[in-house]
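J.: Dropping in my_file21.csv, which is CSV, C-alpha atoms:
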chain,number,residue,atom,x,y,z
Z,108,MET,CA,19.6,19.9,-60.6
Z,109,PHE,CA,22.7,19.0,-62.5
Z,110,SER,CA,24.7,19.1,-59.3
Z,111,LYS,CA,22.5,16.5,-57.6
Z,112,TYR,CA,22.9,14.1,-60.5
Z,113,ALA,CA,26.7,14.8,-60.6
Z,114,ASN,CA,26.9,14.0,-56.9
Z,115,PHE,CA,24.9,10.8,-57.4
Z,116,ILE,CA,27.3,9.7,-60.2
Z,117,VAL,CA,30.3,10.5,-58.1
Z,118,VAL,CA,28.9,8.3,-55.3
Z,119,ILE,CA,28.4,5.4,-57.8
Z,120,ILE,CA,31.9,5.8,-59.2
Z,121,ILE,CA,33.6,5.9,-55.8
Z,122,SER,CA,31.5,2.9,-54.6
Z,123,ALA,CA,32.5,1.0,-57.7
Z,124,LEU,CA,36.2,1.7,-57.3
Z,125,LEU,CA,36.0,0.8,-53.6
Z,126,ALA,CA,34.3,-2.5,-54.4
Z,127,VAL,CA,37.0,-3.3,-56.9
Z,128,ALA,CA,39.7,-2.5,-54.4
Z,129,LEU,CA,38.0,-4.6,-51.7
Z,130,PHE,CA,37.7,-7.6,-54.1
Z,131,LEU,CA,41.4,-7.3,-54.9
Z,132,THR,CA,42.2,-7.7,-51.2
Z,133,GLY,CA,40.5,-11.0,-51.3
Z,134,LEU,CA,37.5,-10.1,-49.1
Z,135,GLN,CA,34.4,-12.3,-49.3
Z,136,THR,CA,31.5,-11.0,-51.5
Z,137,TRP,CA,29.1,-10.6,-48.6
Z,138,LEU,CA,31.6,-8.5,-46.6
Z,139,VAL,CA,32.4,-6.3,-49.7
Z,140,PHE,CA,28.7,-5.8,-50.2
Z,141,THR,CA,28.2,-4.8,-46.5
Z,142,ILE,CA,31.0,-2.3,-46.6
Z,143,ILE,CA,29.8,-0.8,-49.8
Z,144,MET,CA,26.3,-0.4,-48.4
Z,145,LEU,CA,27.6,1.2,-45.3
Z,146,PHE,CA,29.9,3.5,-47.2
Z,147,THR,CA,27.0,4.5,-49.6
Z,148,PHE,CA,24.7,5.2,-46.6
Z,149,ILE,CA,27.3,7.4,-45.0
Z,150,LEU,CA,27.7,9.4,-48.2
Z,151,THR,CA,24.0,9.7,-49.1
Z,152,MET,CA,22.5,10.1,-45.6
Z,153,GLY,CA,25.3,11.0,-43.1
Z,154,TYR,CA,26.7,13.8,-45.1
Z,155,PRO,CA,23.4,15.7,-45.6
Z,156,PHE,CA,22.6,15.1,-41.9
Z,157,TYR,CA,26.0,16.7,-41.0
Z,158,ILE,CA,25.3,19.7,-43.3
Z,159,ILE,CA,21.8,20.3,-41.9
Z,160,TYR,CA,22.5,19.8,-38.3
Z,161,ARG,CA,26.2,20.2,-37.6
Z,162,SER,CA,28.0,22.2,-40.3
Z,163,ARG,CA,29.5,25.6,-39.4
Z,164,SER,CA,30.2,26.5,-43.0
Z,165,LEU,CA,27.6,28.9,-44.5
Z,166,LYS,CA,29.0,28.3,-48.0
Z,167,LEU,CA,28.6,24.5,-47.7
Z,168,ILE,CA,25.0,24.9,-46.3
Z,169,ASP,CA,24.2,27.4,-49.1
Z,170,ARG,CA,25.3,24.9,-51.8
Z,171,TYR,CA,23.2,22.1,-50.3
Z,172,LEU,CA,20.1,24.3,-50.0
Z,173,ALA,CA,20.6,25.5,-53.6
Z,174,ASN,CA,20.2,21.9,-54.8
Z,175,HIS,CA,17.2,21.1,-52.5
Z,176,GLN,CA,14.9,24.0,-52.9
Z,177,ASN,CA,12.0,21.6,-53.8
Z,178,LYS,CA,11.6,21.1,-50.0
Z,179,PRO,CA,9.7,24.1,-48.5
Z,180,ILE,CA,11.9,24.6,-45.4
Z,181,PHE,CA,15.1,24.5,-47.5
Z,182,SER,CA,13.4,26.9,-50.0
Z,183,TYR,CA,12.7,29.4,-47.2
Z,184,ALA,CA,16.2,29.3,-45.8
Z,185,TYR,CA,17.7,29.8,-49.3
Z,186,ALA,CA,15.2,32.6,-50.0
Z,187,LEU,CA,16.5,34.4,-46.8
Z,188,ALA,CA,19.9,34.6,-48.4
Z,189,HIS,CA,19.0,35.1,-52.1
Z,190,GLY,CA,15.3,35.7,-52.6
Z,191,THR,CA,12.9,38.6,-52.6
Z,192,ASP,CA,10.5,39.5,-49.8
Z,193,LYS,CA,7.7,37.9,-51.8
Z,194,GLU,CA,9.7,34.7,-52.2
Z,195,ILE,CA,10.3,34.6,-48.4
Z,196,HIS,CA,6.6,35.2,-47.7
Z,197,ASP,CA,5.5,32.5,-50.3
Z,198,SER,CA,8.0,30.0,-48.9
Z,199,LEU,CA,6.8,30.5,-45.3
Z,200,ASN,CA,3.2,30.1,-46.4
Z,201,LYS,CA,4.1,26.9,-48.2
Z,202,ILE,CA,5.7,25.6,-45.0
Z,203,LEU,CA,2.6,26.4,-43.0
Z,204,LYS,CA,0.5,24.5,-45.5
Z,205,SER,CA,2.8,21.5,-45.7
Z,206,TYR,CA,3.7,20.8,-42.1
Z,207,PRO,CA,1.0,20.5,-39.4
Z,208,GLN,CA,3.5,19.9,-36.5
Z,209,ALA,CA,3.0,22.3,-33.7
Z,210,GLU,CA,6.6,23.4,-33.5
Z,211,VAL,CA,6.8,24.1,-37.2
Z,212,GLN,CA,3.6,26.0,-37.1
Z,213,ASP,CA,4.8,28.1,-34.1
Z,214,VAL,CA,8.2,29.0,-35.5
Z,215,TYR,CA,7.4,29.7,-39.1
Z,216,ASN,CA,4.2,31.5,-38.4
Z,217,ALA,CA,6.2,33.7,-36.1
Z,218,ASN,CA,8.8,34.3,-38.8
Z,219,LEU,CA,6.1,35.2,-41.2
Z,220,LEU,CA,4.7,37.8,-38.8
Z,221,VAL,CA,8.2,39.2,-38.3
Z,222,PHE,CA,8.6,39.7,-42.1
Z,223,GLN,CA,5.1,41.2,-42.3
Z,224,LYS,CA,6.2,43.6,-39.6
Z,225,ASP,CA,3.0,42.7,-37.6
Z,226,TRP,CA,4.3,43.0,-34.1
Z,227,ARG,CA,0.9,43.0,-32.5
Z,228,ARG,CA,0.0,39.5,-33.8
Z,229,LEU,CA,3.6,38.4,-33.2
Z,230,ILE,CA,3.2,39.2,-29.4
Z,231,GLU,CA,-0.2,37.5,-29.2
Z,232,THR,CA,1.0,34.5,-31.2
Z,233,SER,CA,4.1,34.1,-28.9
Z,234,LYS,CA,1.8,33.8,-25.8
Z,235,LYS,CA,-0.1,30.9,-27.4
Z,236,MET,CA,3.0,29.0,-28.6
Z,237,THR,CA,2.8,25.3,-27.7
Z,238,THR,CA,6.6,25.1,-27.9
Z,239,THR,CA,7.7,27.2,-24.9
Z,240,PHE,CA,11.3,27.0,-26.1
Z,241,TYR,CA,10.6,29.9,-28.6
Z,242,ARG,CA,8.0,31.8,-26.6
Z,243,ASP,CA,10.1,34.5,-25.0
Z,244,TYR,CA,12.4,34.8,-28.0
Z,245,TYR,CA,9.6,35.8,-30.4
Z,246,ALA,CA,7.8,37.8,-27.7
Z,247,GLY,CA,11.1,39.8,-27.3
Z,248,ILE,CA,11.2,40.4,-31.1
Z,249,GLY,CA,7.6,41.6,-31.0
Z,250,TYR,CA,8.2,43.9,-28.1
Z,251,THR,CA,11.3,45.3,-29.7
Z,252,MET,CA,9.5,46.0,-32.9
Z,253,SER,CA,6.9,47.9,-30.9
Z,254,ASN,CA,9.5,49.9,-29.1
Z,255,ASN,CA,8.5,48.5,-25.7
Z,256,LYS,CA,12.0,48.4,-24.1
Z,257,GLU,CA,10.9,47.2,-20.7
Z,258,LYS,CA,9.0,44.2,-22.1
Z,259,SER,CA,11.8,43.3,-24.6
Z,260,SER,CA,14.3,43.4,-21.8
Z,261,GLU,CA,12.1,41.2,-19.7
Z,262,SER,CA,11.7,38.7,-22.5
Z,263,LEU,CA,15.5,38.7,-23.1
Z,264,SER,CA,16.1,37.9,-19.4
Z,265,LYS,CA,14.1,34.7,-19.8
Z,266,VAL,CA,15.9,33.4,-23.0
Z,267,ARG,CA,18.5,30.8,-22.3
Z,268,THR,CA,19.7,29.4,-25.6
Z,269,PRO,CA,23.0,31.3,-26.6
Z,270,TRP,CA,22.2,31.9,-30.2
Z,271,MET,CA,18.7,33.2,-29.3
Z,272,VAL,CA,20.2,35.5,-26.6
Z,273,HIS,CA,22.6,37.1,-29.0
Z,274,SER,CA,20.1,37.2,-31.8
Z,275,LEU,CA,17.6,39.1,-29.6
Z,276,LYS,CA,20.3,41.4,-28.4
Z,277,ALA,CA,21.2,42.1,-32.0
Z,278,ILE,CA,17.6,42.9,-32.8
Z,279,ILE,CA,17.3,45.2,-29.8
Z,280,ALA,CA,20.5,47.0,-30.8
Z,281,LEU,CA,19.3,47.3,-34.4
Z,282,LYS,CA,16.0,48.9,-33.3
Z,283,GLN,CA,17.9,51.3,-31.1
Z,284,GLY,CA,20.2,52.3,-33.9
Z,285,GLN,CA,23.3,50.8,-32.3
Z,286,LYS,CA,25.0,49.5,-35.4
Z,287,ASP,CA,28.3,48.3,-33.8
Z,288,ALA,CA,26.4,46.4,-31.1
Z,289,PHE,CA,24.2,44.9,-33.7
Z,290,GLN,CA,27.2,43.6,-35.7
Z,291,THR,CA,28.8,42.2,-32.6
Z,292,GLU,CA,25.7,40.4,-31.4
Z,293,ALA,CA,24.7,39.2,-34.9
Z,294,ALA,CA,28.2,37.7,-35.2
Z,295,LEU,CA,27.9,36.0,-31.8
Z,296,ALA,CA,24.4,34.7,-32.7
Z,297,THR,CA,25.8,33.1,-35.9
Z,298,ARG,CA,28.8,31.7,-34.0
Z,299,ASN,CA,26.7,30.0,-31.4
Z,300,ALA,CA,24.4,28.2,-33.9
Z,301,VAL,CA,25.2,25.2,-36.1
Z,302,GLY,CA,23.8,23.6,-39.2
Z,303,MET,CA,20.8,25.2,-40.9
Z,304,GLN,CA,20.0,27.2,-37.8
Z,305,ARG,CA,23.3,29.0,-38.2
Z,306,TYR,CA,22.5,29.8,-41.8
Z,307,VAL,CA,18.9,31.0,-41.0
Z,308,VAL,CA,19.9,33.2,-38.1
Z,309,HIS,CA,22.8,34.8,-40.0
Z,310,TYR,CA,20.6,35.7,-43.0
Z,311,MET,CA,17.5,36.5,-41.0
Z,312,LEU,CA,19.4,39.2,-39.0
Z,313,LYS,CA,21.0,40.4,-42.2
Z,314,ARG,CA,17.5,40.8,-43.7
Z,315,MET,CA,16.3,42.6,-40.6
Z,316,ALA,CA,19.1,45.1,-40.9
Z,317,GLU,CA,18.2,45.7,-44.5
Z,318,GLY,CA,14.5,46.1,-44.2
Z,319,VAL,CA,12.3,44.8,-41.4
Z,320,PHE,CA,13.0,47.7,-39.1
Z,321,SER,CA,13.5,50.3,-41.8
Z,322,THR,CA,9.9,51.3,-42.0
Z,323,GLU,CA,7.2,52.1,-39.5
Z,324,GLU,CA,5.6,49.2,-37.7
Z,325,VAL,CA,2.0,48.3,-38.5
Once you've parsed the file, please lay out its structure as structure tokens.
T.:
Amino acid sequence: MFSKYANFIVVIIISALLAVALFLTGLQTWLVFTIIMLFTFILTMGYPFYIIYRSRSLKLIDRYLANHQNKPIFSYAYALAHGTDKEIHDSLNKILKSYPQAEVQDVYNANLLVFQKDWRRLIETSKKMTTTFYRDYYAGIGYTMSNNKEKSSESLSKVRTPWMVHSLKAIIALKQGQKDAFQTEAALATRNAVGMQRYVVHYMLKRMAEGVFSTEEV
């Protein structure tokens, strides 16, 4: 909380100093005002947009999420890296209650089923997904969890997005006990994602290695 207020104060101070500098150059008031408004917008809106959608720095994303955990999706992402299993489940349930959009429901319900180790429902859910972009990816995870190598390979062959391909390959390698292959594919999955997706896939795979496949499936 303090960090958010500190950032706000820094923006005000920088904007004030910039305004003084612009006035000293002799610019008209309306032009100074326009420049300050544009500068403030870039700092307050453009920078968060960059972090969420374009940043490749896990540390930078982590700091941003730590200060915005009041938003359910950010809370879930942060819980992946720092929370307990219960906190992950609770944050996913909160997302499902807060956002009715079809894509959000598809993705986060699937993620919840992954962490619940419920591969049967995950496979069935993937077939009903309204957003086909994720269908084969989550089906592949479900089939991998159920040890159906033929179906998981079939799903993998249909996935086209690079980070999804490497993520699913990492999960398959993890299930088969191929630790080196898992580490390689997990690193490639992270490398091919940006913004919050990079953060989520990195820590989701790390969580899977630590627990999702460590017990018998339901």
J.: What does the distance from atom CA of Ile119 of chain Z to atom CA of Ile180 of chain Z come to in Å, to one decimal?
T.: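 Taking atom CA of Ile119 of chain Z as the start and atom CA of Ile180 of chain Z as the end point, the length is 28.2 Å.
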J.: Can you measure atom CA of Asn200 of chain Z to atom CA of Gln212 of chain Z for me? One decimal in Å is fine.
T.: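 Interatomic distance, atom CA of Asn200 of chain Z to atom CA of Gln212 of chain Z: 10.2 Å.
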J.: Fewer than 4 positions away in the same chain doesn't count, so skip those; otherwise give me all residues within 12 Å of segment 135-140 of chain Z, counting all atoms listed in the file, as number ranges by chain.
T.: Z: 122-131, 144-147
J.: Just to confirm, what's the straight-line distance from atom CA of Tyr157 of chain Z to atom CA of Tyr171 of chain Z in Å (one decimal)?
T.: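 Going from atom CA of Tyr157 of chain Z over to atom CA of Tyr171 of chain Z covers 11.1 Å.
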J.: For Ser162 of chain Z, which residue among Z:Met303, Z:Val211, Z:Ile230, Z:Ala277 is the nearest when counting all atoms listed in the file?
T.: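 Of Z:Met303, Z:Val211, Z:Ile230, Z:Ala277, the one nearest Ser162 of chain Z is Z:Met303, counting all atoms listed in the file.
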J.: Set out as CSV a contact list for segment 142-221 of chain Z and segment 244-247 of chain Z with a cut-off of 10 Å, giving each residue of segment 142-221 of chain Z that qualifies its closest atom pair and distance in Å to one decimal, counting only C-alpha atoms, ordered by chain and rising residue number.
T.:
residue,atom,partner,partner_atom,distance
Z:Asp213,CA,Z:Tyr245,CA,9.8
Z:Val214,CA,Z:Tyr245,CA,8.6
Z:Ala217,CA,Z:Tyr245,CA,7.0
Z:Asn218,CA,Z:Tyr245,CA,8.6
Z:Leu220,CA,Z:Tyr245,CA,9.9
Z:Val221,CA,Z:Tyr245,CA,8.7
J.: Using all atoms listed in the file, which protein or nucleic acid residues come within 12 Å of Gly284 of chain Z? Drop anything in the same chain fewer than 4 positions from it, and give the result as an NGL selection string.
T.: :Z and (254 or 277-280 or 288-290 or 316 or 320-321)
J.: Grab the residues selected above and save them as a PDB file, keeping the file's coordinate frame with C-alpha atoms.
T.:
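What follows is the written file result.pdb:
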ATOM      1  CA  ASN Z 254       9.500  49.900 -29.100  1.00  0.00           C
ATOM      2  CA  ALA Z 277      21.200  42.100 -32.000  1.00  0.00           C
ATOM      3  CA  ILE Z 278      17.600  42.900 -32.800  1.00  0.00           C
ATOM      4  CA  ILE Z 279      17.300  45.200 -29.800  1.00  0.00           C
ATOM      5  CA  ALA Z 280      20.500  47.000 -30.800  1.00  0.00           C
ATOM      6  CA  ALA Z 288      26.400  46.400 -31.100  1.00  0.00           C
ATOM      7  CA  PHE Z 289      24.200  44.900 -33.700  1.00  0.00           C
ATOM      8  CA  GLN Z 290      27.200  43.600 -35.700  1.00  0.00           C
ATOM      9  CA  ALA Z 316      19.100  45.100 -40.900  1.00  0.00           C
ATOM     10  CA  PHE Z 320      13.000  47.700 -39.100  1.00  0.00           C
ATOM     11  CA  SER Z 321      13.500  50.300 -41.800  1.00  0.00           C
TER      12      SER Z 321
END
